[in-house]
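A.B. asks: This is structure-v1.csv (CSV, C-alpha atoms and all ligand atoms).
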```csv
chain,number,residue,atom,x,y,z
A,1,MET,CA,21.9,16.2,-4.9
A,2,ASP,CA,18.8,14.3,-6.1
A,3,THR,CA,16.0,16.7,-4.8
A,4,ALA,CA,13.3,14.5,-6.3
A,5,ARG,CA,14.1,11.7,-3.8
A,6,GLN,CA,14.1,13.9,-0.7
A,7,GLN,CA,11.2,13.1,1.7
A,8,PRO,CA,9.3,16.4,2.2
A,9,SER,CA,8.2,17.4,5.7
A,10,ASP,CA,4.5,17.1,6.5
A,11,GLU,CA,4.2,20.9,6.3
A,12,ALA,CA,5.8,21.0,2.8
A,13,GLN,CA,3.6,18.1,1.7
A,14,TYR,CA,0.4,19.9,2.9
A,15,CYS,CA,1.5,22.8,0.9
A,16,ALA,CA,2.3,20.7,-2.2
A,17,ASP,CA,-1.1,19.0,-1.9
A,18,THR,CA,-2.8,22.4,-1.9
A,19,PHE,CA,-1.0,23.4,-5.0
A,20,ASN,CA,-1.5,20.1,-6.8
A,21,GLY,CA,-5.2,20.0,-5.8
A,22,ALA,CA,-5.9,23.2,-7.6
A,23,ILE,CA,-4.4,21.7,-10.8
A,24,ALA,CA,-6.1,18.4,-10.3
A,25,SER,CA,-9.5,20.1,-9.9
A,26,ALA,CA,-9.1,21.8,-13.2
A,27,ALA,CA,-7.9,18.5,-14.7
A,28,VAL,CA,-11.1,16.7,-13.5
A,29,SER,CA,-13.2,19.3,-15.3
A,30,ALA,CA,-11.2,19.1,-18.5
A,31,ALA,CA,-11.1,15.3,-18.4
A,32,TRP,CA,-14.8,15.2,-18.1
A,33,GLU,CA,-15.5,17.7,-20.8
A,34,ILE,CA,-13.3,15.9,-23.4
A,35,GLY,CA,-14.7,12.5,-22.5
A,36,LEU,CA,-11.5,11.2,-20.8
A,37,LEU,CA,-13.2,10.7,-17.5
A,38,ASP,CA,-16.1,8.8,-19.0
A,39,GLU,CA,-13.7,6.6,-20.9
A,40,LEU,CA,-11.8,5.8,-17.7
A,41,GLU,CA,-15.2,5.0,-16.0
A,42,ARG,CA,-16.2,2.7,-19.0
A,43,ALA,CA,-12.9,0.9,-19.5
A,44,GLY,CA,-10.9,1.4,-16.2
A,45,ARG,CA,-7.9,2.4,-18.3
A,46,VAL,CA,-7.0,4.6,-21.2
A,47,GLY,CA,-4.1,4.7,-23.6
A,48,ILE,CA,-2.9,8.2,-24.2
A,49,ALA,CA,-2.1,7.8,-27.9
A,50,GLY,CA,-5.4,6.0,-28.8
A,51,PHE,CA,-7.6,8.4,-26.8
A,52,SER,CA,-5.9,11.4,-28.3
A,53,ALA,CA,-6.2,10.2,-31.8
A,54,ALA,CA,-9.8,9.3,-31.5
A,55,SER,CA,-10.8,12.6,-29.8
A,56,GLY,CA,-8.5,15.0,-31.7
A,57,ALA,CA,-6.8,15.9,-28.4
A,58,ASP,CA,-3.2,16.9,-28.0
A,59,PRO,CA,-1.4,13.8,-26.4
A,60,GLY,CA,1.0,16.0,-24.4
A,61,VAL,CA,-2.0,17.8,-22.8
A,62,VAL,CA,-3.9,14.5,-22.2
A,63,ARG,CA,-0.7,13.2,-20.4
A,64,ALA,CA,-0.5,16.4,-18.4
A,65,LEU,CA,-4.1,16.0,-17.3
A,66,LEU,CA,-3.5,12.4,-16.3
A,67,VAL,CA,-0.4,13.3,-14.3
A,68,ALA,CA,-2.4,16.0,-12.5
A,69,LEU,CA,-5.1,13.4,-11.7
A,70,SER,CA,-2.4,10.9,-10.5
A,71,THR,CA,-1.3,13.4,-7.8
A,72,ARG,CA,-4.7,12.8,-6.1
A,73,ARG,CA,-4.7,9.1,-6.8
A,74,ILE,CA,-7.6,9.4,-9.3
A,75,VAL,CA,-5.5,7.5,-11.8
A,76,THR,CA,-2.1,5.8,-11.9
A,77,LEU,CA,0.2,6.1,-14.9
A,78,ASP,CA,2.4,3.3,-16.1
A,79,ALA,CA,6.2,3.8,-15.9
A,80,ALA,CA,6.4,4.9,-19.5
A,81,ARG,CA,3.5,7.3,-19.1
A,82,THR,CA,1.6,5.9,-22.0
A,83,GLU,CA,-1.4,4.5,-20.2
A,84,ALA,CA,-3.5,5.4,-17.2
A,85,THR,CA,-5.6,3.1,-15.0
A,86,THR,CA,-8.2,4.2,-12.4
A,87,ASP,CA,-6.9,4.4,-8.8
A,88,ALA,CA,-8.5,4.5,-5.4
A,89,GLY,CA,-9.8,8.1,-5.7
A,90,PHE,CA,-11.5,7.6,-9.1
A,91,ALA,CA,-15.0,6.5,-8.1
A,92,SER,CA,-15.4,9.4,-5.8
A,93,ALA,CA,-14.0,11.9,-8.2
A,94,TYR,CA,-16.2,10.6,-11.0
A,95,ARG,CA,-19.3,10.8,-8.8
A,96,THR,CA,-18.5,14.4,-7.7
A,97,LYS,CA,-17.2,15.7,-11.1
A,98,GLY,CA,-20.1,18.2,-11.3
A,99,PHE,CA,-18.7,20.0,-8.2
A,100,PHE,CA,-15.3,20.3,-9.9
A,101,TYR,CA,-16.9,21.5,-13.1
A,102,TRP,CA,-19.0,24.1,-11.2
A,103,LEU,CA,-15.9,25.4,-9.4
A,104,THR,CA,-13.3,25.5,-12.2
A,105,ARG,CA,-15.4,25.9,-15.4
A,106,GLY,CA,-18.4,27.7,-13.9
A,107,CYS,CA,-16.6,29.9,-11.3
A,108,GLY,CA,-13.1,29.9,-12.8
A,109,GLU,CA,-12.9,33.5,-13.7
A,110,LEU,CA,-14.2,34.6,-10.3
A,111,LEU,CA,-11.4,32.5,-8.7
A,112,THR,CA,-8.6,33.6,-10.9
A,113,THR,CA,-9.5,37.3,-10.4
A,114,LEU,CA,-10.2,36.9,-6.7
A,115,PRO,CA,-7.4,39.4,-5.6
A,116,GLY,CA,-9.4,42.1,-7.5
A,117,LYS,CA,-12.6,41.3,-5.7
A,118,VAL,CA,-11.6,41.9,-2.1
A,119,LEU,CA,-11.1,45.6,-1.7
A,120,GLU,CA,-14.3,47.5,-1.2
A,121,ALA,CA,-13.2,49.9,-4.0
A,122,ASP,CA,-13.0,47.0,-6.5
A,123,ARG,CA,-16.4,45.6,-5.5
A,124,GLN,CA,-18.6,48.0,-7.5
A,125,GLY,CA,-21.1,47.4,-10.3
A,126,ASP,CA,-20.9,44.2,-12.2
A,127,PHE,CA,-17.7,42.9,-10.7
A,128,VAL,CA,-18.4,39.1,-10.8
A,129,ARG,CA,-18.7,37.0,-13.9
A,130,ARG,CA,-19.5,33.3,-14.0
A,131,ASP,CA,-20.1,31.0,-16.9
A,132,SER,CA,-23.8,30.3,-16.7
A,133,ARG,CA,-23.7,27.6,-19.4
A,134,ALA,CA,-21.0,25.7,-17.5
A,135,ILE,CA,-22.9,26.2,-14.2
A,136,SER,CA,-26.1,24.7,-15.8
A,137,VAL,CA,-24.1,21.7,-17.1
A,138,ALA,CA,-22.5,21.2,-13.7
A,139,CYS,CA,-25.8,21.6,-11.8
A,140,ARG,CA,-27.5,19.1,-14.1
A,141,ASN,CA,-24.9,16.5,-13.1
A,142,ILE,CA,-25.0,17.5,-9.3
A,143,ALA,CA,-28.8,17.4,-9.3
A,144,ARG,CA,-29.1,14.1,-11.2
A,145,THR,CA,-26.6,12.4,-8.9
A,146,PHE,CA,-27.6,13.8,-5.5
A,147,PHE,CA,-31.0,15.5,-5.6
A,148,ASP,CA,-33.1,13.7,-8.2
A,149,PRO,CA,-33.3,10.3,-6.4
A,150,PRO,CA,-34.9,11.7,-3.2
A,151,PHE,CA,-36.9,14.1,-5.3
A,152,ARG,CA,-38.5,11.2,-7.3
A,153,GLU,CA,-39.4,9.7,-3.9
A,154,LEU,CA,-41.2,12.9,-2.9
A,155,LEU,CA,-43.0,13.0,-6.2
A,156,ARG,CA,-44.8,9.8,-5.4
A,157,ASP,CA,-47.2,11.7,-3.2
A,158,VAL,CA,-47.7,14.6,-5.7
A,159,ASP,CA,-50.4,14.8,-8.4
A,160,CYS,CA,-49.8,17.5,-11.0
A,161,THR,CA,-50.7,18.6,-14.5
A,162,THR,CA,-48.4,21.6,-15.0
A,163,VAL,CA,-45.0,22.2,-13.3
A,164,ALA,CA,-43.0,25.5,-13.2
A,165,ASP,CA,-39.3,25.1,-12.4
A,166,LEU,CA,-37.7,28.3,-11.0
A,167,GLY,CA,-34.1,28.8,-12.0
A,168,CYS,CA,-34.4,25.8,-14.3
A,169,GLY,CA,-30.8,25.8,-15.5
A,170,SER,CA,-30.6,23.0,-18.1
A,171,SER,CA,-34.3,22.1,-17.7
A,172,ASP,CA,-33.1,18.6,-16.9
A,173,ARG,CA,-35.6,18.2,-14.0
A,174,LEU,CA,-38.5,19.2,-16.3
A,175,ILE,CA,-37.4,16.7,-18.9
A,176,MET,CA,-37.1,14.0,-16.3
A,177,MET,CA,-40.7,14.8,-15.0
A,178,ALA,CA,-42.0,14.8,-18.6
A,179,GLY,CA,-40.6,11.3,-18.9
A,180,LEU,CA,-42.0,10.1,-15.5
A,181,MET,CA,-45.5,11.7,-15.9
A,182,PRO,CA,-46.6,11.5,-19.5
A,183,GLY,CA,-49.5,14.0,-19.3
A,184,VAL,CA,-47.5,16.7,-17.5
A,185,ARG,CA,-46.6,20.0,-19.1
A,186,GLY,CA,-43.6,22.1,-17.9
A,187,ILE,CA,-42.5,25.8,-17.8
A,188,GLY,CA,-38.8,26.5,-17.2
A,189,ILE,CA,-37.9,29.9,-15.9
A,190,ASP,CA,-34.4,31.2,-15.7
A,191,VAL,CA,-32.8,34.6,-15.8
A,192,ALA,CA,-29.6,33.6,-17.5
A,193,ALA,CA,-29.3,33.5,-21.3
A,194,GLY,CA,-26.7,30.7,-21.1
A,195,ALA,CA,-29.2,28.5,-19.1
A,196,ILE,CA,-32.0,29.1,-21.6
A,197,THR,CA,-29.7,28.2,-24.5
A,198,VAL,CA,-28.7,24.9,-22.7
A,199,SER,CA,-32.3,24.3,-21.9
A,200,LYS,CA,-33.5,24.8,-25.5
A,201,GLU,CA,-30.9,22.3,-26.8
A,202,ALA,CA,-31.8,19.7,-24.1
A,203,VAL,CA,-35.6,20.1,-24.6
A,204,ALA,CA,-35.2,19.7,-28.4
A,205,GLU,CA,-32.9,16.7,-27.9
A,206,ALA,CA,-35.5,15.0,-25.6
A,207,GLY,CA,-38.2,15.7,-28.2
A,208,VAL,CA,-40.5,17.4,-25.6
A,209,GLU,CA,-40.7,20.9,-27.2
A,210,ASP,CA,-44.5,20.6,-27.4
A,211,ARG,CA,-44.7,20.0,-23.6
A,212,ILE,CA,-42.0,22.2,-22.1
A,213,SER,CA,-41.8,26.0,-22.7
A,214,LEU,CA,-39.0,28.3,-21.5
A,215,VAL,CA,-39.3,31.8,-20.1
A,216,GLN,CA,-36.3,34.1,-19.5
A,217,ASP,CA,-37.3,36.1,-16.4
A,218,ASP,CA,-36.1,37.0,-12.9
A,219,VAL,CA,-37.8,34.7,-10.4
A,220,LEU,CA,-37.4,37.4,-7.7
A,221,ASN,CA,-39.6,39.8,-9.7
A,222,LEU,CA,-41.7,37.6,-11.9
A,223,SER,CA,-43.9,39.3,-14.5
A,224,PRO,CA,-47.4,37.8,-14.5
A,225,ARG,CA,-48.2,35.5,-17.4
A,226,ASP,CA,-51.5,33.8,-18.4
A,227,GLU,CA,-49.7,30.4,-18.7
A,228,TYR,CA,-48.9,30.5,-14.9
A,229,ALA,CA,-52.6,29.9,-14.1
A,230,GLY,CA,-53.0,26.1,-14.0
A,231,VAL,CA,-49.5,25.5,-12.6
A,232,ASP,CA,-50.1,23.2,-9.7
A,233,LEU,CA,-46.5,22.3,-8.9
A,234,VAL,CA,-43.6,24.7,-8.5
A,235,THR,CA,-40.1,23.4,-8.1
A,236,CYS,CA,-36.9,25.2,-7.3
A,237,PHE,CA,-33.6,23.5,-7.1
A,238,LEU,CA,-30.2,24.9,-6.1
A,239,MET,CA,-31.3,28.5,-6.4
A,240,GLY,CA,-33.5,29.1,-3.3
A,241,HIS,CA,-30.6,30.8,-1.6
A,242,ASP,CA,-31.0,33.6,-4.3
A,243,PHE,CA,-34.3,34.5,-2.5
A,244,TRP,CA,-32.3,35.7,0.5
A,245,PRO,CA,-31.7,37.8,2.7
A,246,ARG,CA,-34.6,37.0,5.0
A,247,GLU,CA,-37.1,39.8,4.2
A,248,ASN,CA,-36.6,39.1,0.5
A,249,ALA,CA,-37.1,35.4,1.0
A,250,VAL,CA,-40.4,36.0,2.8
A,251,ARG,CA,-41.5,38.4,0.0
A,252,VAL,CA,-40.6,36.0,-2.8
A,253,LEU,CA,-42.1,33.0,-1.1
A,254,ARG,CA,-45.4,34.9,-0.5
A,255,ARG,CA,-45.5,36.2,-4.1
A,256,LEU,CA,-45.2,32.7,-5.5
A,257,ARG,CA,-48.7,32.0,-4.3
A,258,GLU,CA,-49.9,35.1,-6.2
A,259,ASN,CA,-47.8,34.3,-9.3
A,260,PHE,CA,-49.1,30.7,-9.4
A,261,PRO,CA,-52.7,30.9,-8.0
A,262,ASP,CA,-53.4,27.2,-8.5
A,263,VAL,CA,-50.2,25.9,-6.9
A,264,LYS,CA,-50.7,22.9,-4.6
A,265,ASN,CA,-47.1,22.0,-3.9
A,266,LEU,CA,-43.8,23.9,-3.8
A,267,VAL,CA,-40.7,21.7,-3.8
A,268,ILE,CA,-37.5,23.5,-2.8
A,269,GLY,CA,-34.1,21.7,-2.8
A,270,ASP,CA,-31.0,23.6,-1.9
A,271,THR,CA,-27.7,23.7,0.0
A,272,CYS,CA,-27.5,25.7,3.2
A,273,ARG,CA,-24.6,27.5,5.0
A,274,SER,CA,-22.6,25.1,7.0
A,275,THR,CA,-22.6,25.2,10.8
A,276,ASP,CA,-19.9,23.9,13.1
A,277,VAL,CA,-17.4,23.0,10.4
A,278,HIS,CA,-13.8,24.1,11.0
A,279,GLY,CA,-10.5,24.1,9.1
A,280,PRO,CA,-9.6,20.9,7.3
A,281,MET,CA,-13.0,19.3,8.2
A,282,HIS,CA,-14.8,21.1,5.4
A,283,PRO,CA,-16.6,18.5,3.2
A,284,MET,CA,-16.7,18.4,-0.6
A,285,PHE,CA,-18.3,21.5,-2.2
A,286,THR,CA,-19.1,23.4,1.0
A,287,LEU,CA,-16.0,25.6,0.9
A,288,GLY,CA,-16.3,26.4,-2.8
A,289,PHE,CA,-20.1,27.2,-2.4
A,290,GLU,CA,-19.6,29.5,0.5
A,291,THR,CA,-16.5,31.2,-0.8
A,292,VAL,CA,-18.0,32.0,-4.2
A,293,HIS,CA,-21.3,33.3,-2.7
A,294,SER,CA,-19.4,35.4,-0.2
A,295,VAL,CA,-17.4,37.0,-3.0
A,296,MET,CA,-20.8,37.6,-4.8
A,297,ASP,CA,-22.2,39.1,-1.6
A,298,GLN,CA,-25.0,36.5,-1.8
A,299,TYR,CA,-26.3,35.5,1.7
A,300,ILE,CA,-26.5,31.8,2.3
A,301,PRO,CA,-29.0,30.8,5.0
A,302,THR,CA,-28.6,28.0,7.4
A,303,LEU,CA,-31.1,25.1,7.6
A,304,ASP,CA,-32.6,26.7,10.7
A,305,GLU,CA,-33.0,30.0,9.0
A,306,TRP,CA,-34.8,28.3,6.1
A,307,ALA,CA,-37.2,26.6,8.5
A,308,SER,CA,-37.9,29.9,10.2
A,309,VAL,CA,-39.1,31.8,7.1
A,310,LEU,CA,-41.6,29.2,6.0
A,311,ASP,CA,-44.5,29.9,8.4
A,312,GLU,CA,-44.2,33.6,7.9
A,313,SER,CA,-44.3,33.1,4.1
A,314,GLY,CA,-47.5,31.2,4.0
A,315,TRP,CA,-46.1,27.7,3.5
A,316,ARG,CA,-45.8,24.6,5.7
A,317,ILE,CA,-43.6,21.5,5.4
A,318,ALA,CA,-45.6,18.5,4.2
A,319,ASP,CA,-42.5,16.2,3.5
A,320,ARG,CA,-38.8,16.5,3.5
A,321,ARG,CA,-35.5,14.7,2.6
A,322,MET,CA,-32.1,15.6,4.0
A,323,ILE,CA,-29.1,15.1,1.8
A,324,ASP,CA,-25.6,14.2,2.9
A,325,LEU,CA,-23.8,15.4,-0.2
A,326,PRO,CA,-23.6,18.3,-0.9
A,327,ALA,CA,-23.5,18.6,2.9
A,328,PHE,CA,-26.2,20.7,4.6
A,329,SER,CA,-28.7,20.2,1.8
A,330,PHE,CA,-32.4,19.5,1.9
A,331,ILE,CA,-35.5,19.0,-0.2
A,332,TYR,CA,-38.8,20.3,1.3
A,333,ARG,CA,-42.2,19.7,-0.1
A,334,LEU,CA,-44.3,22.6,1.0
A,335,THR,CA,-48.0,23.2,0.8
A,336,PRO,CA,-49.9,26.4,1.2
A,337,ALA,CA,-50.5,27.0,4.9
A,401,LIG,C1,-27.2,26.5,-9.4
A,401,LIG,S1,-28.1,26.6,-10.9
A,401,LIG,C2,-29.4,25.3,-10.7
A,401,LIG,C3,-30.0,25.0,-12.0
A,401,LIG,C4,-31.1,23.9,-11.9
A,401,LIG,N1,-32.2,24.3,-11.0
A,401,LIG,C5,-30.6,22.6,-11.5
A,401,LIG,O1,-31.1,22.1,-10.4
A,401,LIG,O2,-29.8,22.0,-12.2
A,401,LIG,C6,-29.1,28.1,-10.5
A,401,LIG,C7,-29.9,28.6,-11.6
A,401,LIG,O3,-30.7,29.6,-11.1
A,401,LIG,C8,-30.7,30.7,-12.1
A,401,LIG,N2,-31.1,31.9,-11.3
A,401,LIG,C9,-30.3,32.5,-10.4
A,401,LIG,N3,-31.0,33.6,-10.0
A,401,LIG,C10,-32.1,33.7,-10.7
A,401,LIG,C11,-33.2,34.6,-10.7
A,401,LIG,N4,-33.3,35.6,-9.9
A,401,LIG,N5,-34.2,34.3,-11.6
A,401,LIG,C12,-34.2,33.3,-12.4
A,401,LIG,N6,-33.2,32.4,-12.4
A,401,LIG,C13,-32.2,32.6,-11.6
A,401,LIG,C14,-29.3,30.6,-12.6
A,401,LIG,O4,-29.2,31.3,-13.8
A,401,LIG,C15,-29.0,29.2,-12.7
A,401,LIG,O5,-29.4,28.6,-14.0
```
Let me see whether you can do it: turn the structure in this file into structure tokens.
Ligand SMILES: C[S@@+](CC[C@H](N)C(=O)[O-])C[C@H]1O[C@@H](n2cnc3c(N)ncnc32)[C@H](O)[C@@H]1O
C.D. replies:
Amino acid sequence: MDTARQQPSDEAQYCADTFNGAIASAAVSAAWEIGLLDELERAGRVGIAGFSAASGADPGVVRALLVALSTRRIVTLDAARTEATTDAGFASAYRTKGFFYWLTRGCGELLTTLPGKVLEADRQGDFVRRDSRAISVACRNIARTFFDPPFRELLRDVDCTTVADLGCGSSDRLIMMAGLMPGVRGIGIDVAAGAITVSKEAVAEAGVEDRISLVQDDVLNLSPRDEYAGVDLVTCFLMGHDFWPRENAVRVLRRLRENFPDVKNLVIGDTCRSTDVHGPMHPMFTLGFETVHSVMDQYIPTLDEWASVLDESGWRIADRRMIDLPAFSFIYRLTPA
């Protein structure tokens, strides 16, 4: 019997899609990291032998990645499986590649060890490890694509001389602002050594070491520093949820006014907990974001919960942008109340 030609039932196909999607997600990350995705974006097609020779990749593995991508119609392979061309799902996968990278490269270990993170007895001490370097790279791409365009709009109404970016990750936003506003100085603050390493490389590559300094510190318990006087803009992207639960968020938001006594604007951009989303209707990223933070025991507030802490924390909303992707995301420009 030729099993390959049997038409699977809907149920069996859903199940196969689930399995194949996991492989295809990892393949999107790998294809991006080795330059395969960028080559497909540039040329619309890629020859396996030529790409492998030029990049030093194993042609068998490159073919396997492309086959995995073809299961989700990101590419199509020719009959001889020597060349791939972009398919209907490519543009969307390319635009959202940062989410895949965040999930599989940044949170891969958390997911592969998930069975060992469920029982209370296993959830002790330092039981979660993520790749902070990969998360910085992923967030740089996510922020550039989805958060920076509305952020640049908000910046039009902001005068500043020194900006501190909390949870700066790759420092990409500081570098972008240094380019947009020639006189501005920046301070990037991040707790993770991997993020500081990526930042140092990026700041050096951009040639702005004289204008951007980096501090490895915990934003939730910032140590005072002389250089924080004079900071008139504080930004915080994709880490505001780390301020929570509520009483913590109120404390951290209040303390920012003491840590940065000259602050005039605080811009927070983040993704909130979804509301009213069920089953297969979960949009891109939401399920991964909420699953990972639930395993890490990190509370994610809803949009309403965010709005409810601001008054109490000494800030008021001066301007805002709502973001469709990632779903349930916002950027608030806050001023001292
Ligand atoms: C999701 S990434 C976002 C990076 C960057 N803001 C961006 O938009 O690309 C969150 C960053 O916040 C940092 N972070 C998390 N908790 C922190 C804390 N308590 N203090 C300082 N940095 C923190 C992480 O190390 C990580 O680099």
A.B. asks: Which polymer residues have any atom within 9 Å of an atom of Arg173 of chain A, counting all atoms listed in the file, with same-chain residues fewer than 3 positions away left out, as a PyMOL selection string?
C.D. replies: chain A and resi 140+143-144+148+165+168+170+176-178+237
A.B. asks: Hey, which residues come within 6 Å of ligand LIG 401 (chain A) if we count all atoms listed in the file? Could you give them as a list in words?
C.D. replies: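 Using all atoms listed in the file, everything at most 6 Å from ligand LIG 401 (chain A) comes to Ser136, Cys139, Arg140, Ala143, Gly167, Cys168, Gly169, Asp190, Val191, Ala192, Ala195, Asp217, Asp218, Val219, Leu220, Phe237, Leu238, Met239 and Asp242 of chain A.
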A.B. asks: Find the spatial neighbours of segment 199-201 of chain A, counting all atoms listed in the file, within a cut-off of 10 Å - ignore same-chain residues fewer than 2 positions away - and output them as a list in words.
C.D. replies: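 Once the nearby chain positions are removed, what remains is Arg133, Ser136, Val137, Cys168, Gly169, Ser170, Ser171, Asp172, Leu174, Ile175, Gly188, Ile189, Asp190, Ala193, Gly194, Ala195, Ile196, Thr197, Val203, Ala204, Glu205, Ala206, Gly207, Glu209, Ile212, Ser213 and Leu214 of chain A.
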A.B. asks: Which of these, A:Phe243, A:Tyr228, A:Trp32, A:Phe146, has the shortest distance to Leu65 of chain A once you count all atoms listed in the file?
C.D. replies: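 For Leu65 of chain A, the nearest of the candidates is A:Trp32.
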A.B. asks: Determine the nearest neighbour of Ile135 of chain A from the options A:Pro115, A:Gly106, A:Arg123, A:Ile48, counting only C-alpha atoms.
C.D. replies: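 The shortest atom-to-atom distance to Ile135 of chain A comes from A:Gly106.
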A.B. asks: Point out the residue among A:Val234, A:Ala22, A:Val309, A:Ile331 with the least atom-to-atom distance to Gly288 of chain A, counting all atoms listed in the file.
C.D. replies: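 Looking only at the distances to Gly288 of chain A, the closest residue turns out to be A:Ala22.
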A.B. asks: When you count only C-alpha atoms, which of these residues is closest to Ile34 of chain A: A:Thr85, A:Ser55, A:Asn248, A:Val46?
C.D. replies: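 Among the listed residues, A:Ser55 lies closest to Ile34 of chain A.
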A.B. asks: Could you tell me how far atom CA of Glu120 of chain A sits from atom CA of Pro245 of chain A, in Å to one decimal place?
C.D. replies: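 Between atom CA of Pro245 of chain A and atom CA of Glu120 of chain A the gap is 20.3 Å.
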A.B. asks: Nearest residue to Thr286 of chain A out of A:Ala318, A:Ile187, A:Cys160, A:Cys272, using all atoms listed in the file?
C.D. replies: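 Selected residue with least distance to Thr286 of chain A: A:Cys272.
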A.B. asks: Which one is closest to Ala24 of chain A: A:Met296, A:Ser70, A:Pro8, A:Arg316? Count only C-alpha atoms.
C.D. replies: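 Looking only at the distances to Ala24 of chain A, the closest residue turns out to be A:Ser70.
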A.B. asks: Any idea what the distance is between atom CA of Ala84 of chain A and atom CA of Glu33 of chain A?
C.D. replies: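 Separating atom CA of Ala84 of chain A from atom CA of Glu33 of chain A is a distance of 17.6 Å.
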A.B. asks: What is the atom CA of Arg130 of chain A to atom CA of Tyr101 of chain A distance in Å?
C.D. replies: 12.1 Å
